[in-house]
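What's in structure.pdb: PDB, C-alpha atoms and all ligand atoms
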```
ATOM      1  CA  MET A   1     -34.211 219.289 175.765
ATOM      2  CA  ASP A   2     -34.365 221.078 179.113
ATOM      3  CA  LYS A   3     -33.925 224.816 179.592
ATOM      4  CA  ILE A   4     -30.205 224.647 180.516
ATOM      5  CA  GLN A   5     -29.332 222.486 177.510
ATOM      6  CA  GLN A   6     -31.338 224.848 175.346
ATOM      7  CA  PHE A   7     -29.420 227.806 176.748
ATOM      8  CA  LEU A   8     -26.020 226.138 176.164
ATOM      9  CA  ASN A   9     -26.814 224.911 172.680
ATOM     10  CA  PRO A  10     -25.492 227.479 170.161
ATOM     11  CA  GLU A  11     -28.437 226.604 167.919
ATOM     12  CA  TYR A  12     -30.690 228.202 170.562
ATOM     13  CA  SER A  13     -28.471 231.123 171.496
ATOM     14  CA  GLN A  14     -29.839 233.893 169.291
ATOM     15  CA  SER A  15     -31.631 236.760 170.931
ATOM     16  CA  PHE A  16     -35.263 237.235 169.910
ATOM     17  CA  GLY A  17     -34.783 241.003 169.897
ATOM     18  CA  ALA A  18     -32.501 240.576 166.867
ATOM     19  CA  SER A  19     -34.995 238.347 165.048
ATOM     20  CA  PRO A  20     -36.497 239.454 161.726
ATOM     21  CA  TYR A  21     -39.938 239.459 163.428
ATOM     22  CA  VAL A  22     -38.985 242.069 166.006
ATOM     23  CA  GLN A  23     -37.000 244.029 163.413
ATOM     24  CA  GLN A  24     -39.989 244.113 161.072
ATOM     25  CA  MET A  25     -42.309 245.128 163.874
ATOM     26  CA  GLY A  26     -40.031 248.068 164.706
ATOM     27  CA  LYS A  27     -39.732 249.104 161.084
ATOM     28  CA  LEU A  28     -43.454 248.916 160.261
ATOM     29  CA  THR A  29     -44.665 250.631 163.449
ATOM     30  CA  GLY A  30     -42.124 253.386 162.690
ATOM     31  CA  LEU A  31     -43.534 253.735 159.174
ATOM     32  CA  LEU A  32     -47.091 253.894 160.520
ATOM     33  CA  TYR A  33     -45.973 256.697 162.848
ATOM     34  CA  ASP A  34     -44.090 258.505 160.059
ATOM     35  CA  HIS A  35     -47.193 258.428 157.866
ATOM     36  CA  GLY A  36     -49.104 260.220 160.624
ATOM     37  CA  TRP A  37     -51.469 257.304 161.101
ATOM     38  CA  ASP A  38     -50.500 256.518 164.707
ATOM     39  CA  GLU A  39     -50.314 259.592 166.895
ATOM     40  CA  ARG A  40     -49.294 259.079 170.525
ATOM     41  CA  ASN A  41     -50.223 255.441 171.370
ATOM     42  CA  GLY A  42     -52.609 255.104 168.414
ATOM     43  CA  GLY A  43     -52.564 251.808 166.547
ATOM     44  CA  ASN A  44     -51.639 248.235 167.343
ATOM     45  CA  VAL A  45     -50.129 245.275 165.483
ATOM     46  CA  SER A  46     -50.120 241.526 166.118
ATOM     47  CA  TYR A  47     -47.939 239.033 164.260
ATOM     48  CA  ARG A  48     -48.679 235.297 164.541
ATOM     49  CA  LEU A  49     -45.556 233.129 164.922
ATOM     50  CA  THR A  50     -45.141 229.372 165.088
ATOM     51  CA  ALA A  51     -43.264 227.319 167.686
ATOM     52  CA  GLU A  52     -40.818 226.358 164.928
ATOM     53  CA  GLU A  53     -40.062 230.018 164.186
ATOM     54  CA  ILE A  54     -39.317 231.011 167.759
ATOM     55  CA  LYS A  55     -37.353 227.822 168.550
ATOM     56  CA  PRO A  56     -33.890 229.146 167.582
ATOM     57  CA  TYR A  57     -34.057 232.016 170.076
ATOM     58  CA  GLY A  58     -32.568 231.352 173.493
ATOM     59  CA  ASP A  59     -34.487 233.990 175.420
ATOM     60  CA  VAL A  60     -38.093 233.023 174.668
ATOM     61  CA  HIS A  61     -38.457 229.680 176.428
ATOM     62  CA  ALA A  62     -39.050 230.680 180.049
ATOM     63  CA  ARG A  63     -42.556 231.834 181.000
ATOM     64  CA  LEU A  64     -42.331 235.310 182.526
ATOM     65  CA  ARG A  65     -45.953 235.772 183.619
ATOM     66  CA  THR A  66     -49.532 234.907 182.710
ATOM     67  CA  ILE A  67     -51.934 237.571 181.455
ATOM     68  CA  PRO A  68     -55.727 237.025 181.493
ATOM     69  CA  ILE A  69     -57.801 237.842 178.397
ATOM     70  CA  ASP A  70     -61.522 238.563 178.458
ATOM     71  CA  PHE A  71     -62.828 236.219 175.771
ATOM     72  CA  ASP A  72     -62.274 232.670 174.569
ATOM     73  CA  ALA A  73     -59.232 232.449 172.263
ATOM     74  CA  SER A  74     -58.900 228.659 172.578
ATOM     75  CA  ALA A  75     -59.149 228.343 168.777
ATOM     76  CA  LEU A  76     -55.612 229.794 168.784
ATOM     77  CA  ALA A  77     -54.283 227.665 171.678
ATOM     78  CA  GLY A  78     -50.529 227.177 171.352
ATOM     79  CA  SER A  79     -50.077 229.975 168.806
ATOM     80  CA  TYR A  80     -47.562 232.705 169.528
ATOM     81  CA  PHE A  81     -48.149 236.405 168.864
ATOM     82  CA  LEU A  82     -45.693 239.243 168.834
ATOM     83  CA  VAL A  83     -47.989 242.112 169.815
ATOM     84  CA  THR A  84     -47.674 245.810 170.568
ATOM     85  CA  GLY A  85     -48.381 246.947 174.127
ATOM     86  CA  THR A  86     -51.308 249.048 175.245
ATOM     87  CA  GLY A  87     -50.426 252.706 175.649
ATOM     88  CA  ARG A  88     -47.118 252.347 173.787
ATOM     89  CA  TYR A  89     -46.002 254.952 171.243
ATOM     90  CA  PHE A  90     -45.219 253.615 167.774
ATOM     91  CA  LYS A  91     -42.439 256.178 167.382
ATOM     92  CA  ASN A  92     -40.589 254.327 170.168
ATOM     93  CA  VAL A  93     -41.088 250.648 169.273
ATOM     94  CA  ALA A  94     -37.959 250.270 167.115
ATOM     95  CA  SER A  95     -35.742 251.676 169.905
ATOM     96  CA  PHE A  96     -37.418 249.823 172.796
ATOM     97  CA  PRO A  97     -38.939 246.623 171.367
ATOM     98  CA  GLN A  98     -38.495 244.618 174.568
ATOM     99  CA  ARG A  99     -40.466 247.240 176.494
ATOM    100  CA  ASP A 100     -43.137 248.175 173.932
ATOM    101  CA  THR A 101     -43.908 244.743 172.429
ATOM    102  CA  GLY A 102     -44.317 241.253 173.849
ATOM    103  CA  LEU A 103     -44.259 237.647 172.674
ATOM    104  CA  VAL A 104     -47.215 235.731 174.113
ATOM    105  CA  GLN A 105     -48.608 232.229 173.670
ATOM    106  CA  ILE A 106     -52.333 231.489 173.904
ATOM    107  CA  ASN A 107     -53.073 229.013 176.697
ATOM    108  CA  PRO A 108     -55.203 225.888 176.102
ATOM    109  CA  ASP A 109     -58.258 227.223 177.979
ATOM    110  CA  GLY A 110     -58.199 230.325 175.747
ATOM    111  CA  HIS A 111     -58.691 232.742 178.644
ATOM    112  CA  SER A 112     -55.084 233.725 179.262
ATOM    113  CA  VAL A 113     -51.754 234.094 177.515
ATOM    114  CA  ASP A 114     -48.249 233.350 178.764
ATOM    115  CA  LEU A 115     -45.606 236.021 178.217
ATOM    116  CA  PHE A 116     -42.233 234.718 177.010
ATOM    117  CA  TRP A 117     -40.435 237.893 175.947
ATOM    118  CA  GLY A 118     -40.921 241.656 176.153
ATOM    119  CA  PHE A 119     -43.251 243.968 178.105
ATOM    120  CA  CYS A 120     -40.228 244.188 180.436
ATOM    121  CA  ASP A 121     -41.655 247.092 182.454
ATOM    122  CA  GLY A 122     -44.884 245.245 183.266
ATOM    123  CA  GLY A 123     -46.721 246.165 180.050
ATOM    124  CA  LEU A 124     -49.760 244.414 178.623
ATOM    125  CA  PRO A 125     -50.977 243.614 175.095
ATOM    126  CA  THR A 126     -52.983 246.258 173.229
ATOM    127  CA  SER A 127     -56.481 247.112 174.446
ATOM    128  CA  GLU A 128     -57.665 245.900 171.023
ATOM    129  CA  PHE A 129     -56.226 242.403 171.570
ATOM    130  CA  SER A 130     -59.692 240.829 171.395
ATOM    131  CA  ALA A 131     -60.305 242.385 167.954
ATOM    132  CA  HIS A 132     -56.863 241.152 166.856
ATOM    133  CA  LEU A 133     -57.251 237.583 168.085
ATOM    134  CA  MET A 134     -60.844 237.233 166.866
ATOM    135  CA  THR A 135     -59.707 238.539 163.465
ATOM    136  CA  HIS A 136     -56.843 236.027 163.366
ATOM    137  CA  ILE A 137     -59.315 233.225 164.164
ATOM    138  CA  GLU A 138     -61.722 234.325 161.412
ATOM    139  CA  ARG A 139     -59.077 234.960 158.753
ATOM    140  CA  LEU A 140     -57.313 231.635 159.489
ATOM    141  CA  HIS A 141     -60.542 229.925 158.348
ATOM    142  CA  ARG A 142     -60.189 231.770 155.013
ATOM    143  CA  ASP A 143     -56.396 231.705 154.680
ATOM    144  CA  PRO A 144     -54.101 229.264 156.529
ATOM    145  CA  ASN A 145     -51.218 231.695 155.906
ATOM    146  CA  GLN A 146     -52.925 234.518 157.845
ATOM    147  CA  ARG A 147     -50.236 236.210 159.973
ATOM    148  CA  VAL A 148     -50.719 239.878 160.705
ATOM    149  CA  VAL A 149     -53.479 242.136 162.012
ATOM    150  CA  MET A 150     -52.763 245.867 161.866
ATOM    151  CA  HIS A 151     -54.858 248.717 163.252
ATOM    152  CA  CYS A 152     -54.125 252.408 162.676
ATOM    153  CA  HIS A 153     -55.755 255.835 162.289
ATOM    154  CA  PRO A 154     -55.339 256.939 158.641
ATOM    155  CA  THR A 155     -56.465 260.565 158.454
ATOM    156  CA  ASN A 156     -58.208 260.765 155.081
ATOM    157  CA  LEU A 157     -60.065 257.506 155.522
ATOM    158  CA  ILE A 158     -61.340 258.613 158.937
ATOM    159  CA  ALA A 159     -62.403 261.974 157.460
ATOM    160  CA  LEU A 160     -64.309 260.218 154.680
ATOM    161  CA  SER A 161     -66.328 258.292 157.284
ATOM    162  CA  PHE A 162     -67.843 261.647 158.355
ATOM    163  CA  THR A 163     -68.745 262.825 154.860
ATOM    164  CA  LEU A 164     -69.891 259.653 153.059
ATOM    165  CA  PRO A 165     -72.831 257.447 154.067
ATOM    166  CA  GLN A 166     -71.566 254.454 156.093
ATOM    167  CA  ASN A 167     -72.433 252.032 153.334
ATOM    168  CA  GLU A 168     -70.035 249.269 152.265
ATOM    169  CA  LYS A 169     -70.978 249.317 148.598
ATOM    170  CA  LEU A 170     -70.783 253.092 148.299
ATOM    171  CA  ILE A 171     -67.500 253.485 150.216
ATOM    172  CA  THR A 172     -65.907 250.580 148.343
ATOM    173  CA  ARG A 173     -66.971 251.949 144.969
ATOM    174  CA  VAL A 174     -65.755 255.472 145.773
ATOM    175  CA  LEU A 175     -62.367 254.048 146.867
ATOM    176  CA  TRP A 176     -62.141 251.729 143.829
ATOM    177  CA  LYS A 177     -62.850 254.675 141.535
ATOM    178  CA  MET A 178     -60.136 256.888 143.052
ATOM    179  CA  HIS A 179     -57.285 254.846 141.601
ATOM    180  CA  PRO A 180     -57.081 251.683 139.422
ATOM    181  CA  GLU A 181     -54.809 250.000 141.984
ATOM    182  CA  SER A 182     -57.589 249.880 144.572
ATOM    183  CA  ILE A 183     -59.740 247.129 143.069
ATOM    184  CA  VAL A 184     -56.587 245.140 142.304
ATOM    185  CA  VAL A 185     -55.429 245.290 145.942
ATOM    186  CA  PHE A 186     -58.812 244.812 147.654
ATOM    187  CA  PRO A 187     -61.183 243.213 145.109
ATOM    188  CA  GLU A 188     -63.483 242.019 147.886
ATOM    189  CA  GLY A 189     -64.038 245.656 148.947
ATOM    190  CA  ILE A 190     -63.990 247.111 152.446
ATOM    191  CA  GLY A 191     -66.221 246.193 155.385
ATOM    192  CA  VAL A 192     -67.747 249.017 157.410
ATOM    193  CA  LEU A 193     -68.900 248.820 161.041
ATOM    194  CA  PRO A 194     -71.204 251.286 162.751
ATOM    195  CA  TYR A 195     -69.365 253.529 165.224
ATOM    196  CA  MET A 196     -68.583 251.415 168.312
ATOM    197  CA  THR A 197     -66.601 251.843 171.526
ATOM    198  CA  PRO A 198     -62.972 250.807 170.999
ATOM    199  CA  GLY A 199     -61.209 248.315 173.236
ATOM    200  CA  THR A 200     -64.331 246.190 173.780
ATOM    201  CA  THR A 201     -65.011 242.554 172.939
ATOM    202  CA  ALA A 202     -68.159 243.807 171.160
ATOM    203  CA  ILE A 203     -66.120 245.733 168.575
ATOM    204  CA  GLY A 204     -63.783 242.719 168.430
ATOM    205  CA  SER A 205     -66.520 240.278 167.459
ATOM    206  CA  ALA A 206     -68.135 242.764 165.053
ATOM    207  CA  THR A 207     -64.746 243.274 163.355
ATOM    208  CA  ALA A 208     -64.117 239.537 163.119
ATOM    209  CA  ALA A 209     -67.593 238.968 161.630
ATOM    210  CA  LYS A 210     -66.734 241.442 158.848
ATOM    211  CA  MET A 211     -63.386 239.692 158.368
ATOM    212  CA  HIS A 212     -65.373 236.711 157.104
ATOM    213  CA  ASP A 213     -65.746 238.617 153.816
ATOM    214  CA  TYR A 214     -63.109 241.339 153.948
ATOM    215  CA  ARG A 215     -59.449 241.903 154.868
ATOM    216  CA  LEU A 216     -60.109 245.591 155.541
ATOM    217  CA  VAL A 217     -62.651 246.831 158.066
ATOM    218  CA  LEU A 218     -63.360 250.535 158.566
ATOM    219  CA  TRP A 219     -64.127 251.707 162.073
ATOM    220  CA  PRO A 220     -65.952 254.978 161.296
ATOM    221  CA  HIS A 221     -64.506 258.104 162.968
ATOM    222  CA  HIS A 222     -61.646 255.989 164.367
ATOM    223  CA  GLY A 223     -59.514 253.968 161.946
ATOM    224  CA  ILE A 224     -59.015 250.729 160.117
ATOM    225  CA  PHE A 225     -58.245 247.058 160.727
ATOM    226  CA  ALA A 226     -56.313 245.108 158.106
ATOM    227  CA  ALA A 227     -55.451 241.397 157.983
ATOM    228  CA  GLY A 228     -52.764 239.835 155.824
ATOM    229  CA  ASP A 229     -50.307 236.993 155.381
ATOM    230  CA  SER A 230     -47.342 239.304 156.086
ATOM    231  CA  MET A 231     -46.480 242.696 157.557
ATOM    232  CA  ASP A 232     -46.036 244.039 154.020
ATOM    233  CA  GLU A 233     -49.445 242.755 152.912
ATOM    234  CA  ALA A 234     -51.341 244.270 155.873
ATOM    235  CA  PHE A 235     -49.451 247.565 155.533
ATOM    236  CA  GLY A 236     -49.958 247.547 151.757
ATOM    237  CA  LEU A 237     -53.728 247.164 152.126
ATOM    238  CA  ILE A 238     -53.841 250.179 154.441
ATOM    239  CA  GLU A 239     -51.502 252.232 152.240
ATOM    240  CA  THR A 240     -53.665 251.618 149.199
ATOM    241  CA  VAL A 241     -56.964 252.387 150.872
ATOM    242  CA  GLU A 242     -55.540 255.562 152.450
ATOM    243  CA  LYS A 243     -54.065 256.669 149.100
ATOM    244  CA  SER A 244     -57.533 256.418 147.568
ATOM    245  CA  ALA A 245     -59.014 258.332 150.511
ATOM    246  CA  LEU A 246     -56.341 261.028 150.036
ATOM    247  CA  ILE A 247     -57.376 261.388 146.383
ATOM    248  CA  TYR A 248     -61.007 261.701 147.555
ATOM    249  CA  THR A 249     -59.966 264.497 149.945
ATOM    250  CA  THR A 250     -57.973 266.187 147.192
ATOM    251  CA  ILE A 251     -60.958 266.062 144.836
ATOM    252  CA  GLN A 252     -63.013 267.867 147.483
ATOM    253  CA  ASN A 253     -60.205 270.422 147.903
ATOM    254  CA  GLN A 254     -60.268 271.000 144.140
ATOM    255  CA  GLY A 255     -63.970 271.873 144.327
ATOM    256  CA  GLY A 256     -65.487 268.402 144.217
ATOM    257  CA  GLN A 257     -66.852 268.625 140.662
ATOM    258  CA  ILE A 258     -66.539 265.199 138.981
ATOM    259  CA  ARG A 259     -66.045 265.653 135.234
ATOM    260  CA  ALA A 260     -64.531 262.245 134.414
ATOM    261  CA  GLU A 261     -64.242 258.964 136.273
ATOM    262  CA  ILE A 262     -63.136 255.338 136.315
ATOM    263  CA  THR A 263     -66.322 253.763 134.990
ATOM    264  CA  ASP A 264     -67.898 250.422 135.904
ATOM    265  CA  GLU A 265     -66.644 249.143 132.520
ATOM    266  CA  ASN A 266     -63.115 250.249 133.477
ATOM    267  CA  LEU A 267     -63.472 248.298 136.760
ATOM    268  CA  GLN A 268     -64.513 245.200 134.791
ATOM    269  CA  GLU A 269     -61.508 245.624 132.473
ATOM    270  CA  LEU A 270     -59.219 245.747 135.512
ATOM    271  CA  ALA A 271     -60.856 242.597 136.906
ATOM    272  CA  ASP A 272     -60.319 240.829 133.559
ATOM    273  CA  ARG A 273     -56.734 242.043 133.161
ATOM    274  CA  PHE A 274     -55.684 240.987 136.681
ATOM    275  CA  SER A 275     -57.880 237.851 136.909
ATOM    276  CA  LEU A 276     -59.765 239.233 139.909
ATOM    277  CA  THR A 277     -63.116 238.139 141.255
ATOM    278  CA  PRO A 278     -64.340 241.363 142.867
ATOM    279  CA  LYS A 279     -67.465 241.361 145.017
ATOM    280  CA  ALA A 280     -70.072 241.157 142.233
ATOM    281  CA  GLU A 281     -72.702 243.415 143.793
ATOM    282  CA  PHE A 282     -70.136 246.248 144.082
ATOM    283  CA  MET A 283     -69.274 246.183 140.366
ATOM    284  CA  HIS A 284     -72.302 248.121 139.113
ATOM    285  CA  GLY A 285     -74.105 251.135 140.472
ATOM    286  CA  GLU A 286     -74.270 254.892 140.523
ATOM    287  CA  THR A 287     -71.575 257.016 138.931
ATOM    288  CA  LEU A 288     -68.986 258.723 141.101
ATOM    289  CA  ALA A 289     -70.706 262.062 140.505
ATOM    290  CA  GLN A 290     -74.012 260.606 141.730
ATOM    291  CA  MET A 291     -72.398 258.982 144.769
ATOM    292  CA  LEU A 292     -70.553 262.148 145.815
ATOM    293  CA  ALA A 293     -73.645 264.298 145.294
ATOM    294  CA  LYS A 294     -75.351 262.603 148.289
TER     295      LYS A 294
HETATM  296  P1  LIG B 301     -53.613 250.634 172.531
HETATM  297  O1  LIG B 301     -52.576 251.639 172.993
HETATM  298  O2  LIG B 301     -54.288 249.932 173.669
HETATM  299  O3  LIG B 301     -53.032 249.677 171.511
HETATM  300  O4  LIG B 301     -54.784 251.453 171.824
HETATM  301  C1  LIG B 301     -54.538 252.257 170.715
HETATM  302  C2  LIG B 301     -55.709 252.346 169.812
HETATM  303  O5  LIG B 301     -55.548 252.718 168.665
HETATM  304  C3  LIG B 301     -57.056 251.963 170.307
HETATM  305  O6  LIG B 301     -57.957 251.795 169.276
HETATM  306 ZN    ZN B 302     -57.396 252.956 167.460
END
```

Can the structure from this file be put into structure tokens for me?
Amino acid sequence: MDKIQQFLNPEYSQSFGASPYVQQMGKLTGLLYDHGWDERNGGNVSYRLTAEEIKPYGDVHARLRTIPIDFDASALAGSYFLVTGTGRYFKNVASFPQRDTGLVQINPDGHSVDLFWGFCDGGLPTSEFSAHLMTHIERLHRDPNQRVVMHCHPTNLIALSFTLPQNEKLITRVLWKMHPESIVVFPEGIGVLPYMTPGTTAIGSATAAKMHDYRLVLWPHHGIFAAGDSMDEAFGLIETVEKSALIYTTIQNQGGQIRAEITDENLQELADRFSLTPKAEFMHGETLAQMLAK
């Protein structure tokens, strides 16, 4: 079907701006802003879409421009991504989705994307696009339903990266022991990078390498990356980890004395009850009191 037929066919006449994908993007970026996790232009989200999913929309079939990318994304050739723009404020996305987000398709050579909708004032994908795309590539090996990568700046989790040793086992166990829900939501734990410069392909490949084992990766002193099979799943991972970090902060505000805790046996009982296979080496270790005394 050529472009004119597509345009005239009522089956292809819906506007992408009214699609559930754009609606969800507006809603979730608004929630991230409302939670205080995405000040100014902080944070970015990418949502993988298939050709089948965008087909019904009449206004996404003409290439608007081509945008170069600085690494090889050919493993995603042909895939579409609805992605937030660099420098765009999450508080505005729901009101101006066609300006603050864009729908791009990865080109076969993997070094550019074609824009089919959005970024109407000349905008570009997030400066963390390499970390997003490399994460999608890595997580698609683990989960064919991988859809969403979400980055934000959750306050308590960032604060904790200054006060706890940057050690995956220790940070995971502290977070697991803050609330029983934590191990249920992220039984594999949380990956932790060293501090790195944002917006680089180096932090992108380091993040993706961690995504081999984890769906949550902490960027110390900066924020978090989450990967999931839906917007709700990625947001839910972040919500849960930040809730645990908030409890950690509150414990410190209450004086920091640990008098009772979720024990390693309690963690095992949770794993049994919810049929989880948590990362085995994180299941046993020091008590919370010992870990927080460091
Ligand atoms: P962008 O505005 O380029 O998405 O950057 C925001 C951010 O959080 C960088 O880490
Ligand atoms: Zn950031």

Tell me, counting only C-alpha atoms and all ligand atoms, for each residue of chain A within 7 Å of ligand ZN 302 (chain B), which pair of atoms is nearest and how far apart they are in Å to one decimal, in rows ordered by chain and increasing number, as a tab-separated table.
```
residue	atom	partner	partner_atom	distance
A:Gly42	CA	B:ZN302	ZN	5.3
A:Gly43	CA	B:ZN302	ZN	5.0
A:His151	CA	B:ZN302	ZN	6.5
A:Cys152	CA	B:ZN302	ZN	5.8
A:His153	CA	B:ZN302	ZN	6.1
A:Pro198	CA	B:ZN302	ZN	6.9
A:His222	CA	B:ZN302	ZN	6.1
A:Gly223	CA	B:ZN302	ZN	6.0
```

Separation of CA of Ala226 in chain A from CA of Pro56 in chain A in Å: 29.1 Å

Per residue of chain A within 12 Å of ligand LIG 301 (chain B), note the shortest atom pair and the distance in Å to one decimal, counting only C-alpha atoms and all ligand atoms, and order the rows by chain and increasing residue number, as CSV.
```
residue,atom,partner,partner_atom,distance
A:Thr29,CA,B:LIG301,O3,11.7
A:Leu32,CA,B:LIG301,O5,11.8
A:Tyr33,CA,B:LIG301,O5,11.9
A:Trp37,CA,B:LIG301,O5,9.7
A:Asp38,CA,B:LIG301,O5,7.5
A:Glu39,CA,B:LIG301,O5,8.8
A:Arg40,CA,B:LIG301,O1,8.5
A:Asn41,CA,B:LIG301,O1,4.8
A:Gly42,CA,B:LIG301,O5,3.8
A:Gly43,CA,B:LIG301,O5,3.8
A:Asn44,CA,B:LIG301,O3,4.6
A:Val45,CA,B:LIG301,O3,8.0
A:Ser46,CA,B:LIG301,O3,10.2
A:Val83,CA,B:LIG301,O3,9.2
A:Thr84,CA,B:LIG301,O3,6.7
A:Gly85,CA,B:LIG301,O3,6.0
A:Thr86,CA,B:LIG301,O2,3.5
A:Gly87,CA,B:LIG301,O1,3.6
A:Arg88,CA,B:LIG301,O1,5.6
A:Tyr89,CA,B:LIG301,O1,7.6
A:Phe90,CA,B:LIG301,O1,9.2
A:Asp100,CA,B:LIG301,O1,10.1
A:Thr101,CA,B:LIG301,O3,10.4
A:Gly123,CA,B:LIG301,O2,10.6
A:Leu124,CA,B:LIG301,O2,8.7
A:Pro125,CA,B:LIG301,O2,7.3
A:Thr126,CA,B:LIG301,O3,3.8
A:Ser127,CA,B:LIG301,O2,3.7
A:Glu128,CA,B:LIG301,O2,5.9
A:Phe129,CA,B:LIG301,O3,7.9
A:Ser130,CA,B:LIG301,O2,10.8
A:Ala131,CA,B:LIG301,O6,9.8
A:His132,CA,B:LIG301,O3,10.4
A:Met150,CA,B:LIG301,O5,10.0
A:His151,CA,B:LIG301,O5,6.8
A:Cys152,CA,B:LIG301,O5,6.2
A:His153,CA,B:LIG301,O5,7.1
A:Pro154,CA,B:LIG301,O5,10.9
A:Met196,CA,B:LIG301,O6,10.7
A:Thr197,CA,B:LIG301,O6,8.9
A:Pro198,CA,B:LIG301,O6,5.4
A:Gly199,CA,B:LIG301,O6,6.2
A:Thr200,CA,B:LIG301,O6,9.6
A:Ile203,CA,B:LIG301,O6,10.2
A:Gly204,CA,B:LIG301,O6,10.8
A:Trp219,CA,B:LIG301,O6,9.5
A:Pro220,CA,B:LIG301,O6,11.7
A:His221,CA,B:LIG301,O6,11.1
A:His222,CA,B:LIG301,O6,7.4
A:Gly223,CA,B:LIG301,O6,7.8
A:Ile224,CA,B:LIG301,O6,9.3
A:Phe225,CA,B:LIG301,O6,9.8
```

Exercise: Ile247 in chain A partners within 12 Å, all atoms listed in the file, chain neighbours under 6 positions left out, as a PyMOL selection string: chain A and resi 156-157+160+174-180+182+240-241+253-254+256

Å distance separating CA of Leu164 in chain A from CA of Thr250 in chain A, one decimal place: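 Separating CA of Leu164 in chain A from CA of Thr250 in chain A is a distance of 14.8 Å.
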
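Taking CA of Gln14 in chain A and CA of Val149 in chain A as the two end points, the separation is 26.1 Å.
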
Resolved residues for the PyMOL selection byres (((chain A and resi 67-79) around 8) and not hetatm) as a PDB file with C-alpha atoms, in the frame of the given file:
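As written to disk, out-v1.pdb reads:
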```
ATOM      1  CA  ARG A  48     -48.679 235.297 164.541  1.00  0.00           C
ATOM      2  CA  LEU A  49     -45.556 233.129 164.922  1.00  0.00           C
ATOM      3  CA  THR A  50     -45.141 229.372 165.088  1.00  0.00           C
ATOM      4  CA  ALA A  51     -43.264 227.319 167.686  1.00  0.00           C
ATOM      5  CA  ARG A  65     -45.953 235.772 183.619  1.00  0.00           C
ATOM      6  CA  THR A  66     -49.532 234.907 182.710  1.00  0.00           C
ATOM      7  CA  TYR A  80     -47.562 232.705 169.528  1.00  0.00           C
ATOM      8  CA  PHE A  81     -48.149 236.405 168.864  1.00  0.00           C
ATOM      9  CA  GLN A 105     -48.608 232.229 173.670  1.00  0.00           C
ATOM     10  CA  ILE A 106     -52.333 231.489 173.904  1.00  0.00           C
ATOM     11  CA  ASN A 107     -53.073 229.013 176.697  1.00  0.00           C
ATOM     12  CA  PRO A 108     -55.203 225.888 176.102  1.00  0.00           C
ATOM     13  CA  ASP A 109     -58.258 227.223 177.979  1.00  0.00           C
ATOM     14  CA  GLY A 110     -58.199 230.325 175.747  1.00  0.00           C
ATOM     15  CA  HIS A 111     -58.691 232.742 178.644  1.00  0.00           C
ATOM     16  CA  SER A 112     -55.084 233.725 179.262  1.00  0.00           C
ATOM     17  CA  VAL A 113     -51.754 234.094 177.515  1.00  0.00           C
ATOM     18  CA  ASP A 114     -48.249 233.350 178.764  1.00  0.00           C
ATOM     19  CA  LEU A 115     -45.606 236.021 178.217  1.00  0.00           C
ATOM     20  CA  LEU A 124     -49.760 244.414 178.623  1.00  0.00           C
ATOM     21  CA  SER A 130     -59.692 240.829 171.395  1.00  0.00           C
ATOM     22  CA  LEU A 133     -57.251 237.583 168.085  1.00  0.00           C
ATOM     23  CA  MET A 134     -60.844 237.233 166.866  1.00  0.00           C
ATOM     24  CA  ILE A 137     -59.315 233.225 164.164  1.00  0.00           C
ATOM     25  CA  THR A 201     -65.011 242.554 172.939  1.00  0.00           C
TER      26      THR A 201
END
```

Among listed residues A:Gly26, A:Gly236, A:Gly58, A:Gly228, nearest His136 in chain A (using all atoms listed in the file):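 Going through A:Gly26, A:Gly236, A:Gly58, A:Gly228 one by one, the smallest distance to His136 in chain A is for A:Gly228.
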
Hits of the PyMOL selection byres (((chain A and resi 259-272) around 9) and not hetatm) in this structure, as a ChimeraX atom specification: /A:176-181,183-184,187,257-258,273-278,283-285,287-289

Export of the given selection (C-alpha atoms) as a PDB file, keeping the file's coordinate frame:
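Below is the file that was written, result-v8.pdb:
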```pdb
ATOM      1  CA  TRP A 176     -62.141 251.729 143.829  1.00  0.00           C
ATOM      2  CA  LYS A 177     -62.850 254.675 141.535  1.00  0.00           C
ATOM      3  CA  MET A 178     -60.136 256.888 143.052  1.00  0.00           C
ATOM      4  CA  HIS A 179     -57.285 254.846 141.601  1.00  0.00           C
ATOM      5  CA  PRO A 180     -57.081 251.683 139.422  1.00  0.00           C
ATOM      6  CA  GLU A 181     -54.809 250.000 141.984  1.00  0.00           C
ATOM      7  CA  ILE A 183     -59.740 247.129 143.069  1.00  0.00           C
ATOM      8  CA  VAL A 184     -56.587 245.140 142.304  1.00  0.00           C
ATOM      9  CA  PRO A 187     -61.183 243.213 145.109  1.00  0.00           C
ATOM     10  CA  GLN A 257     -66.852 268.625 140.662  1.00  0.00           C
ATOM     11  CA  ILE A 258     -66.539 265.199 138.981  1.00  0.00           C
ATOM     12  CA  ARG A 273     -56.734 242.043 133.161  1.00  0.00           C
ATOM     13  CA  PHE A 274     -55.684 240.987 136.681  1.00  0.00           C
ATOM     14  CA  SER A 275     -57.880 237.851 136.909  1.00  0.00           C
ATOM     15  CA  LEU A 276     -59.765 239.233 139.909  1.00  0.00           C
ATOM     16  CA  THR A 277     -63.116 238.139 141.255  1.00  0.00           C
ATOM     17  CA  PRO A 278     -64.340 241.363 142.867  1.00  0.00           C
ATOM     18  CA  MET A 283     -69.274 246.183 140.366  1.00  0.00           C
ATOM     19  CA  HIS A 284     -72.302 248.121 139.113  1.00  0.00           C
ATOM     20  CA  GLY A 285     -74.105 251.135 140.472  1.00  0.00           C
ATOM     21  CA  THR A 287     -71.575 257.016 138.931  1.00  0.00           C
ATOM     22  CA  LEU A 288     -68.986 258.723 141.101  1.00  0.00           C
ATOM     23  CA  ALA A 289     -70.706 262.062 140.505  1.00  0.00           C
TER      24      ALA A 289
END
```

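Here the question is which of A:Thr163, A:Pro97, A:Leu103, A:Lys279 gets nearest to Gln23 in chain A using only C-alpha atoms, and that residue is A:Pro97.
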